[in-house]
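Working notes, beginning with the structure itself.
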Amino acid sequence: MIRFTAEQEEFRRGVARFVDAEVVPVAAALDERAEFPRELFKRLGALGYFGLRYPEAYGGADADMVTYCLFAEELARGSMSLAAAACMQSLMGTHFVHAFGSEALRQRYLVPALRGDLVATFALTEPNAGSDLANIATRAERRGDRWVLRGTKTWVTSAPVADVLTVAAKTSGERGLKNIALFLLDRATMRGITPGRKIGKMSVRASETGEILLEDVEVPEEHLLGGEAGGVEKIGGILAEIRVMTAAISTGLARAAYAAALAYARERVAFGKPIVEHQAIAFKLADMLTALHAAALVTYQAAARLDAGHPVAREAAMAKLLASETAVRVTDEAARIFASYGLADEYPVQRYFRDARFLLPGGGTSEILKVVIGRELDWDRGQVFG
Ligand SMILES: Cc1cc2nc3c(=O)[nH]c(=O)nc-3n(C[C@H](O)[C@H](O)[C@H](O)COP(=O)(O)OP(=O)(O)OC[C@H]3O[C@@H](n4cnc5c(N)ncnc54)[C@H](O)[C@@H]3O)c2cc1C
């Protein structure tokens, strides 16, 4: 049984109150405007949520992964767009400068980013390199005491508004994964970093996504994070957290869709009774609730294993796979229960349905997750019950 501590329960209630008061009422308008939610983003920073996984010395809270997931789940229940921007900021956007940056870089970038004063992101994907990172074409060349970066990144969360970017680039021309390095780029002080096309999309519309064009960007040596190789291993060091976080936001979205569908099924009358009393609808809700339970359990089990220091690559992949596919299914079924009203702008169900699609590629597609799970196919009772 997964049991939250009293502090974790109290924390969750605090996030839920904030989400109900300040996020739920504006979520539809944010989605409609499709603009980065700057005010709420700053508010999350001011409330200390971006610093959950970081030491107190940098303004963080030193919280465990279970607590972080409670935050991510509750926030996604209110707005997946806001959760997408916030989770990028508080995990990938700031992780690498904390883990591999100098003290000066941490003070200059990490501390203000955790307060919400700088927008941070992570740029790995390229037009010809998504799952297949060996195809990365962005090059970093050493010139004297600097590096010069050139290339195109795409599908970068918060690209149009980002102040600091951790960028993956190759430090030599060979194909493969060995020569990938991570650089911290600062839009304010480095020339040649241009937001390219903003990508119009059906999902997480208020989490702006776009290209980043790098044209001979001169980067001081200090901004090379952790040496000129080993970038893939560094990314691997946070991949389980990214996947467990994605499972948590999937669970939050599925919860929102389930709650909306249940309320509607109790209130909508057809053939003389509320539709929840038609067995076909009750069975849908039963399937949705069962899947939601399973998604929540694997998510928090993976988070707890991570906190306990156990190997978690397979469990994180399973959690992300199950929870994201559950969110897609539950939001689909919720829209069916609403029938025509599931398409209507005035109900949030159409937004939940659209937002669920974002969960499939982020943190690894379902196919890639099965590749990861397929590496350890033996049944291991300890990993389930231990
Ligand atoms: C809203 C949003 C925000 C994003 N934010 C960021 C960000 O901030 N930074 C960033 O770097 N990226 C970001 N991404 C990009 C995302 O991480 C990639 O899209 C993802 O890695 C998949 O890459 P791809 O789209 O190029 O698909 P591809 O890798 O081209 O895959 C295409 C299809 O082939 C399948 N496939 C590929 N390889 C295999 C294989 N070996 N075996 C079986 N099937 C395979 C895939 O599962 C998929 O179905 C974001 C994406 C979205 C949608």
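Lettering and numbering for the structure tokens are positional, with chains as A, B, ... in the shown order, residues counted from 1 in each chain, and ligands counted from 1 in the shown order.
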Could you tell me, counting only C-alpha atoms and all ligand atoms, which protein and nucleic acid residues lie no more than 6 Å from ligand 1, written as a list in words?
Phe122, Ala123, Leu124, Thr125, Ala129, Gly130, Ser131, Asp132, Trp155, Val156, Thr157, Phe358, Pro361, Gly362, Gly363, Gly364, Thr365, Glu367 and Ile368 of chain A
Output C-alpha atoms of each residue in that selection to a file, as a compact mmCIF listing (two decimals), in the first residue's frame.
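Dumped everything to out-v5.txt:
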# COMPACT_ATOMS: atom_id res chain seq x y z
CA PHE A 122 16.04 22.19 -22.32
CA ALA A 123 16.69 21.86 -26.06
CA LEU A 124 17.57 18.39 -27.27
CA THR A 125 15.17 17.57 -30.14
CA ALA A 129 16.71 13.86 -34.18
CA GLY A 130 13.85 12.98 -31.83
CA SER A 131 14.02 9.49 -30.34
CA ASP A 132 17.27 8.89 -32.26
CA TRP A 155 9.84 21.35 -30.22
CA VAL A 156 11.48 23.31 -27.41
CA THR A 157 9.08 24.01 -24.54
CA PHE A 358 1.05 15.88 -25.36
CA PRO A 361 5.83 11.86 -27.08
CA GLY A 362 7.25 13.80 -24.08
CA GLY A 363 9.73 11.75 -22.01
CA GLY A 364 9.87 9.02 -24.66
CA THR A 365 7.13 7.62 -26.91
CA GLU A 367 7.25 2.50 -28.40
CA ILE A 368 10.56 3.72 -26.96
Distance query stretch 248-261 of chain A at most 8 Å, only C-alpha atoms, self and fewer than 3 positions along chain excluded, as an NGL selection string
:A and (69-70 or 72-78 or 80 or 83 or 244-245 or 264-265 or 285 or 288-289 or 292 or 295-296 or 299-300 or 323-324 or 326-328 or 330-331 or 334-335 or 337-338 or 349 or 352 or 356 or 359)
Requested write-out: N, CA and C atoms of the selected residues, as a compact mmCIF listing (two decimals), in the first residue's frame:
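Saved the output as again.txt:
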# COMPACT_ATOMS: atom_id res chain seq x y z
N CYS A 69 5.74 14.85 -7.24
CA CYS A 69 4.65 14.28 -8.06
C CYS A 69 3.28 14.77 -7.59
N LEU A 70 3.13 14.95 -6.28
CA LEU A 70 1.85 15.48 -5.77
C LEU A 70 1.61 16.87 -6.34
N ALA A 72 2.94 18.07 -9.20
CA ALA A 72 2.74 17.97 -10.65
C ALA A 72 1.33 17.46 -10.96
N GLU A 73 0.89 16.46 -10.20
CA GLU A 73 -0.44 15.87 -10.44
C GLU A 73 -1.54 16.91 -10.23
N GLU A 74 -1.47 17.61 -9.09
CA GLU A 74 -2.51 18.60 -8.78
C GLU A 74 -2.52 19.74 -9.81
N LEU A 75 -1.33 20.19 -10.21
CA LEU A 75 -1.26 21.30 -11.16
C LEU A 75 -1.85 20.89 -12.51
N ALA A 76 -1.52 19.67 -12.95
CA ALA A 76 -2.03 19.20 -14.25
C ALA A 76 -3.54 19.02 -14.22
N ARG A 77 -4.07 18.71 -13.07
CA ARG A 77 -5.52 18.61 -12.92
C ARG A 77 -6.18 19.95 -13.27
N GLY A 78 -5.47 21.05 -12.99
CA GLY A 78 -6.02 22.38 -13.30
C GLY A 78 -5.69 22.83 -14.71
N MET A 80 -2.95 21.61 -17.92
CA MET A 80 -1.80 20.85 -18.42
C MET A 80 -0.76 21.78 -19.05
N ALA A 83 1.25 23.09 -16.24
CA ALA A 83 2.07 21.99 -15.72
C ALA A 83 3.25 21.71 -16.64
N VAL A 244 8.66 9.76 -14.44
CA VAL A 244 7.74 9.66 -13.30
C VAL A 244 6.91 10.95 -13.19
N MET A 245 7.54 12.08 -13.44
CA MET A 245 6.79 13.35 -13.45
C MET A 245 5.71 13.30 -14.53
N TYR A 264 -21.08 14.85 -14.90
CA TYR A 264 -22.01 14.99 -16.03
C TYR A 264 -22.94 13.78 -16.11
N ALA A 265 -22.40 12.59 -15.89
CA ALA A 265 -23.21 11.36 -15.99
C ALA A 265 -24.29 11.33 -14.90
N LEU A 285 -17.33 4.29 -16.75
CA LEU A 285 -16.76 4.97 -15.58
C LEU A 285 -15.98 3.97 -14.72
N MET A 288 -12.69 3.48 -16.38
CA MET A 288 -11.86 4.68 -16.23
C MET A 288 -11.28 4.76 -14.82
N LEU A 289 -12.14 4.49 -13.83
CA LEU A 289 -11.68 4.57 -12.43
C LEU A 289 -10.62 3.51 -12.14
N LEU A 292 -7.42 4.57 -13.69
CA LEU A 292 -6.88 5.71 -12.94
C LEU A 292 -6.19 5.23 -11.66
N ALA A 295 -2.88 3.72 -12.65
CA ALA A 295 -1.91 4.76 -13.05
C ALA A 295 -1.33 5.45 -11.81
N ALA A 296 -2.21 5.80 -10.86
CA ALA A 296 -1.74 6.48 -9.64
C ALA A 296 -0.79 5.56 -8.86
N THR A 299 2.62 5.19 -10.57
CA THR A 299 3.33 6.48 -10.52
C THR A 299 3.99 6.67 -9.15
N TYR A 300 3.20 6.53 -8.10
CA TYR A 300 3.75 6.80 -6.76
C TYR A 300 4.67 5.68 -6.29
N ALA A 323 0.47 5.41 -17.39
CA ALA A 323 -0.29 6.61 -17.01
C ALA A 323 -0.62 7.47 -18.22
N SER A 324 0.32 7.60 -19.17
CA SER A 324 0.02 8.45 -20.33
C SER A 324 -1.03 7.80 -21.21
N THR A 326 -3.27 5.78 -20.17
CA THR A 326 -4.51 5.89 -19.39
C THR A 326 -5.14 7.27 -19.58
N ALA A 327 -4.30 8.30 -19.55
CA ALA A 327 -4.84 9.66 -19.73
C ALA A 327 -5.48 9.81 -21.11
N VAL A 328 -4.85 9.22 -22.12
CA VAL A 328 -5.42 9.29 -23.47
C VAL A 328 -6.77 8.58 -23.49
N VAL A 330 -8.81 7.71 -20.85
CA VAL A 330 -9.82 8.28 -19.94
C VAL A 330 -10.38 9.59 -20.51
N THR A 331 -9.53 10.41 -21.11
CA THR A 331 -10.04 11.66 -21.68
C THR A 331 -10.92 11.37 -22.90
N ALA A 334 -14.22 10.10 -21.48
CA ALA A 334 -14.94 11.23 -20.87
C ALA A 334 -15.65 12.02 -21.95
N ALA A 335 -14.95 12.27 -23.06
CA ALA A 335 -15.57 13.02 -24.16
C ALA A 335 -16.77 12.26 -24.73
N ILE A 337 -18.78 10.29 -23.06
CA ILE A 337 -19.89 10.41 -22.10
C ILE A 337 -20.59 11.75 -22.29
N PHE A 338 -19.83 12.77 -22.64
CA PHE A 338 -20.43 14.08 -22.91
C PHE A 338 -21.09 14.15 -24.29
N VAL A 349 -13.85 19.29 -21.25
CA VAL A 349 -13.50 17.92 -21.68
C VAL A 349 -12.74 17.91 -23.00
N TYR A 352 -9.18 18.59 -22.19
CA TYR A 352 -8.51 17.42 -21.60
C TYR A 352 -8.14 16.42 -22.69
N ALA A 356 -4.19 15.55 -23.57
CA ALA A 356 -3.64 14.20 -23.30
C ALA A 356 -2.64 13.78 -24.38
N LEU A 359 1.11 14.04 -23.79
CA LEU A 359 1.78 13.11 -22.87
C LEU A 359 2.43 11.94 -23.61
From the DSSP assignment of the backbone, select every residue of stretch 18-262 of chain A that is strand (DSSP E or B), and format the answer as a PyMOL selection string.
chain A and resi 120-123+126+129+139-143+146-157+164-170+180-186+193-198+209-220+224
Can I get the selection written as a PDB file, in the first residue's frame, with C-alpha atoms?
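File produced: part21.pdb:
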ATOM      1  CA  ALA A 120      14.573  27.961 -18.275  1.00  0.00           C
ATOM      2  CA  THR A 121      14.277  25.162 -20.795  1.00  0.00           C
ATOM      3  CA  PHE A 122      16.041  22.187 -22.323  1.00  0.00           C
ATOM      4  CA  ALA A 123      16.692  21.858 -26.063  1.00  0.00           C
ATOM      5  CA  GLU A 126      16.050  18.588 -33.710  1.00  0.00           C
ATOM      6  CA  ALA A 129      16.708  13.864 -34.183  1.00  0.00           C
ATOM      7  CA  ARG A 139      27.751  21.307 -33.538  1.00  0.00           C
ATOM      8  CA  ALA A 140      29.912  22.908 -30.892  1.00  0.00           C
ATOM      9  CA  GLU A 141      33.450  23.831 -31.951  1.00  0.00           C
ATOM     10  CA  ARG A 142      36.150  25.007 -29.630  1.00  0.00           C
ATOM     11  CA  ARG A 143      37.660  28.356 -30.641  1.00  0.00           C
ATOM     12  CA  ARG A 146      35.145  29.706 -26.179  1.00  0.00           C
ATOM     13  CA  TRP A 147      32.789  27.323 -27.898  1.00  0.00           C
ATOM     14  CA  VAL A 148      30.844  28.225 -31.006  1.00  0.00           C
ATOM     15  CA  LEU A 149      27.427  26.570 -31.452  1.00  0.00           C
ATOM     16  CA  ARG A 150      25.487  26.228 -34.678  1.00  0.00           C
ATOM     17  CA  GLY A 151      22.321  24.274 -35.378  1.00  0.00           C
ATOM     18  CA  THR A 152      18.534  24.140 -35.123  1.00  0.00           C
ATOM     19  CA  LYS A 153      16.508  22.836 -32.195  1.00  0.00           C
ATOM     20  CA  THR A 154      12.796  22.258 -32.410  1.00  0.00           C
ATOM     21  CA  TRP A 155       9.841  21.349 -30.218  1.00  0.00           C
ATOM     22  CA  VAL A 156      11.484  23.307 -27.412  1.00  0.00           C
ATOM     23  CA  THR A 157       9.080  24.013 -24.535  1.00  0.00           C
ATOM     24  CA  VAL A 164      18.213  30.297 -20.395  1.00  0.00           C
ATOM     25  CA  LEU A 165      18.517  27.074 -22.343  1.00  0.00           C
ATOM     26  CA  THR A 166      20.448  23.891 -21.724  1.00  0.00           C
ATOM     27  CA  VAL A 167      21.337  22.767 -25.243  1.00  0.00           C
ATOM     28  CA  ALA A 168      22.706  19.414 -26.415  1.00  0.00           C
ATOM     29  CA  ALA A 169      25.369  19.645 -29.134  1.00  0.00           C
ATOM     30  CA  LYS A 170      28.054  17.439 -30.619  1.00  0.00           C
ATOM     31  CA  ILE A 180      27.207  14.884 -27.067  1.00  0.00           C
ATOM     32  CA  ALA A 181      27.762  17.724 -24.580  1.00  0.00           C
ATOM     33  CA  LEU A 182      25.467  20.129 -22.738  1.00  0.00           C
ATOM     34  CA  PHE A 183      25.828  23.916 -22.857  1.00  0.00           C
ATOM     35  CA  LEU A 184      24.046  26.586 -20.857  1.00  0.00           C
ATOM     36  CA  LEU A 185      22.945  29.387 -23.176  1.00  0.00           C
ATOM     37  CA  ASP A 186      21.876  32.837 -22.025  1.00  0.00           C
ATOM     38  CA  ILE A 193      20.159  32.633 -30.283  1.00  0.00           C
ATOM     39  CA  THR A 194      16.899  33.282 -32.130  1.00  0.00           C
ATOM     40  CA  PRO A 195      13.474  31.807 -31.489  1.00  0.00           C
ATOM     41  CA  GLY A 196      12.400  30.433 -34.855  1.00  0.00           C
ATOM     42  CA  ARG A 197       8.927  29.316 -35.824  1.00  0.00           C
ATOM     43  CA  LYS A 198       6.439  28.964 -32.989  1.00  0.00           C
ATOM     44  CA  THR A 209       6.638  25.429 -28.162  1.00  0.00           C
ATOM     45  CA  GLY A 210       8.999  26.337 -30.960  1.00  0.00           C
ATOM     46  CA  GLU A 211      12.297  26.285 -32.744  1.00  0.00           C
ATOM     47  CA  ILE A 212      15.547  27.736 -31.509  1.00  0.00           C
ATOM     48  CA  LEU A 213      18.055  28.784 -34.167  1.00  0.00           C
ATOM     49  CA  LEU A 214      21.693  28.847 -33.111  1.00  0.00           C
ATOM     50  CA  GLU A 215      23.862  30.898 -35.457  1.00  0.00           C
ATOM     51  CA  ASP A 216      27.496  30.954 -34.378  1.00  0.00           C
ATOM     52  CA  VAL A 217      26.657  31.435 -30.733  1.00  0.00           C
ATOM     53  CA  GLU A 218      29.831  32.140 -28.736  1.00  0.00           C
ATOM     54  CA  VAL A 219      29.703  30.322 -25.413  1.00  0.00           C
ATOM     55  CA  PRO A 220      32.301  30.746 -22.637  1.00  0.00           C
ATOM     56  CA  LEU A 224      29.954  23.804 -20.898  1.00  0.00           C
TER      57      LEU A 224
END
Kindly indicate which residue among A:Ser79, A:Arg187, A:Ala61, A:Ile199 lies nearest to A:Val24, using only C-alpha atoms for the distances.
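Counting only C-alpha atoms, the residue closest to A:Val24 is A:Ser79.
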Wanna dump the stretch 235-305 of chain A-stretch 91-98 of chain A contacts at 12 Å for me, each residue with its shortest atom pair and the distance in Å to one decimal, counting only C-alpha atoms, ordered by chain and number, as CSV?
residue,atom,partner,partner_atom,distance
A:Ile235,CA,A:Phe96,CA,8.5
A:Gly236,CA,A:Met92,CA,11.3
A:Gly237,CA,A:Phe96,CA,9.9
A:Ile238,CA,A:Met92,CA,7.7
A:Leu239,CA,A:Met92,CA,9.1
A:Ala240,CA,A:Leu91,CA,11.2
A:Glu241,CA,A:Leu91,CA,8.0
A:Ile242,CA,A:Leu91,CA,7.3
A:Arg243,CA,A:Leu91,CA,11.0
A:Val244,CA,A:Leu91,CA,11.4
A:Met245,CA,A:Leu91,CA,9.0
A:Thr246,CA,A:Leu91,CA,11.1
Could you check which of A:Ala304, A:Ala113, A:Ala21, A:Ser203 is closest to A:Gln350, using only C-alpha atoms?
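Using only C-alpha atoms, A:Gln350 sits closest to A:Ser203.
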Identify, on the basis of only C-alpha atoms, every residue whose closest approach to A:Glu32 does not exceed 12 Å; exclude the query and any residue fewer than 4 positions from it along the same chain; express the result as a PyMOL selection string.
chain A and resi 26-28+36-37+81+201-207+345-346+348+351
Could you tell me how far atom CA of A:Lys42 sits from atom CA of A:Ser90, in Å to one decimal place?
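Result for atom CA of A:Ser90 versus atom CA of A:Lys42: 12.4 Å, one decimal.
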In stretch 115-350 of chain A, what's alpha helix (DSSP H) per DSSP? Answer as a ChimeraX atom specification?
/A:115,231-267,279-307,313-338,349-350
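The interatomic distance for the pair atom CA of A:Arg357 and atom CA of A:Pro25 works out to 22.5 Å.
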